[in-house]
Amino acid sequence: MRYLAAIAVGAASYLSLETVSCAADWPRLGGPEATGASPETGLAHSWPPEGPATLWTVDVGEGFAGPAARDGQVFFLDRIRDEQDVLRCLDLATGRELWRLGYDAPGSLPHNGSRNVPTVDEQYIFTVGPFGQFRCVDRATHQLLWAAHLVDDFKDPQTDTGKSAETREEKLARAQLPMWGMTQAPCLYKDLVVVAPQTQSTGLVAYEKKTGKIQWRSGYIGRNWYSHVSPCLTTLAGVQQIIMLAQPSDPEKSPRDAPPAIISSIDPDNGRILWKTQTPGPYKIPITEPLRVADDRLFITGGYTLGCLMLQVRRVGGEWEPTLIFHRKTVAAFLHSPILYHDRIFVTSFKDQGGSHSGLVCLSTEGEPLWETGPALQFESGASLIADGLAFVMHGRTGQLYLFELSDSGPKLVAQAKVLDARGGDAWAPMALSDGKLLVRDQHQMKCLEVRLAKPARAGS
């Protein structure tokens, strides 16, 4: 059943308004559990007409790199004049720059600028630059501990000979930068950090956090030409594993002529491939991360004609059995990953990518659409996140921020405001939420918005 964004609902929202707030960090792409949701409570369920208060604004280079936030600090990888990547650290409360660390990385890309969200733990900050530079920075000293390169370090002497490729097949076989640059967030597991070079011979690589020494390499899982998925650590059938999607095909094939994408599961302890399957239809450019919705269920959605699908992943007699439960083209994400919140799946689905259910779409964990904000309200590649029974959704072309109360009956639009200039559009960067502060950015500025419920004034004050 279709619901417009402004519909008023009588049903109770997922969480009642809390008088005691709970804060949380946003230390990587997708938030604390990489699900797009936060456990924060005590957030405001309405704003004044001008929108939530802007606590601070900082200028940034062009691009799409969203921030991470941890322990009262904001980390993001900026891009300066097509010459450098610069890791910047800001004070969350004030926006004051605490320190920065840059390195030379000349070049430009289609949809130019920064790309990736840092991954931050107690001791280290891990970043992947758009041209493949992989860095580990010490949080205490702000110094570079070690560095690697996701293209140069994984060239195969059999194919990357240094001579000009004589055939197109030879050129495609070589380690290379993806069309839109390296677009992934490092994945943490125990004392390892995992990234995805995705060459002809190497899929994922695990480095020791402290030293940068390679601990394992997986085998082939698909190529990185048009693959922009981050390694996704999850648990299926009671076993921790990293799920990846990648394309095996010639990158010049049209979306409808492209082959299915490869879905791979990798053992995070040793890089052994546990199981492989493929999408049930063409998927030329994998971008969004897969989403675990139950111990034996994996939800995947994407554009370029894919739609959405559900896998059942079981282990029978020591053998892994991934089985397709359904494949539908009615819901199709594009840039941003699906969100799991209170046993509901939320997808920003695109009509232009084939989704007949569009806008912000709510699905049951069985994949049944419950409601949508489209076709009246769609968001043009803007990001979303969910906390405290509320969905924050950015319009990627206008910079308008929407706030919805959520229920199974439908969304209730409770506030909206233009918070970004979004000059030229492309306000596509992932948002972050930490300590009641929402971090948003466009091509020129990053802003910190106060979205926490105001504390009532004390009597006599």
# chains A, B, ... in the order shown; residues from 1 in each chain; ligands from 1
>>> residues_around(residues="A:Lys190", least_positions_apart="2", cutoff="12 Å", atoms="only C-alpha atoms", output="PyMOL selection string")
chain A and resi 121+187-188+192-194+206-210+233+240+268-269
>>> closest_atom_pairs(of="stretch 100-146 of chain A", to="stretch 425-447 of chain A", cutoff="12 Å", atoms="only C-alpha atoms", output="Markdown table")
| residue | atom | partner | partner_atom | distance |
| --- | --- | --- | --- | --- |
| A:His111 | CA | A:Asp426 | CA | 8.7 |
| A:Asn112 | CA | A:Gln443 | CA | 10.0 |
| A:Gly113 | CA | A:Gln443 | CA | 8.6 |
| A:Ser114 | CA | A:Gln443 | CA | 9.5 |
| A:Arg115 | CA | A:Ala429 | CA | 8.3 |
| A:Asn116 | CA | A:Ala429 | CA | 9.0 |
| A:Val117 | CA | A:Pro430 | CA | 8.1 |
| A:Pro118 | CA | A:Pro430 | CA | 11.6 |
>>> residues_around(residues="stretch 152-160 of chain A", least_positions_apart="6", cutoff="9 Å", atoms="only C-alpha atoms", output="list in words")
Gly132, Glu170, Lys171, Ala173, Arg174, Ala175, Gln176, Pro197, Thr199, Gln200, Ser201 and Thr202 of chain A
>>> closest_residue(among="A:Pro338, A:Gly367, A:Gly424, A:Pro259", to="A:Leu309", atoms="only C-alpha atoms")
A:Gly367
>>> select_by_dssp(residues="stretch 276-428 of chain A", states="strand (DSSP E)", output="ChimeraX atom specification")
/A:276-282,291-294,297-302,307-316,319-328,339-341,344-349,359-364,369-372,384-387,390-394,400-405,412-418
>>> residues_around(residues="A:Gly31", least_positions_apart="5", cutoff="12 Å", atoms="only C-alpha atoms", output="PyMOL selection string")
chain A and resi 24-26+36-40+66-70+117-120+185+337+339-340+384-387+430-434
>>> atom_distance(atom1="atom CA of A:Ala454", atom2="atom CA of A:Leu413")
19.9 Å
>>> residues_around(residues="A:Gly181", least_positions_apart="6", cutoff="7 Å", atoms="only C-alpha atoms", output="ChimeraX atom specification")
/A:109,130-131
>>> closest_residue(among="A:Ile345, A:Cys89, A:Ile262, A:Leu390", to="A:Val293", atoms="only C-alpha atoms")
A:Ile345
>>> closest_residue(among="A:Arg328, A:Arg344, A:Arg423, A:His336", to="A:Ser381", atoms="only C-alpha atoms")
A:His336
>>> closest_residue(among="A:Leu236, A:Ile221, A:Ala415, A:Ala261", to="A:Leu311", atoms="only C-alpha atoms")
A:Leu236
>>> select_by_dssp(residues="stretch 29-230 of chain A", states="alpha helix (DSSP H)", output="PyMOL selection string")
chain A and resi 168-173
>>> atom_distance(atom1="atom CA of A:Trp47", atom2="atom CA of A:Met394")
15.2 Å
>>> atom_distance(atom1="atom CA of A:Ile300", atom2="atom CA of A:Trp320")
18.4 Å
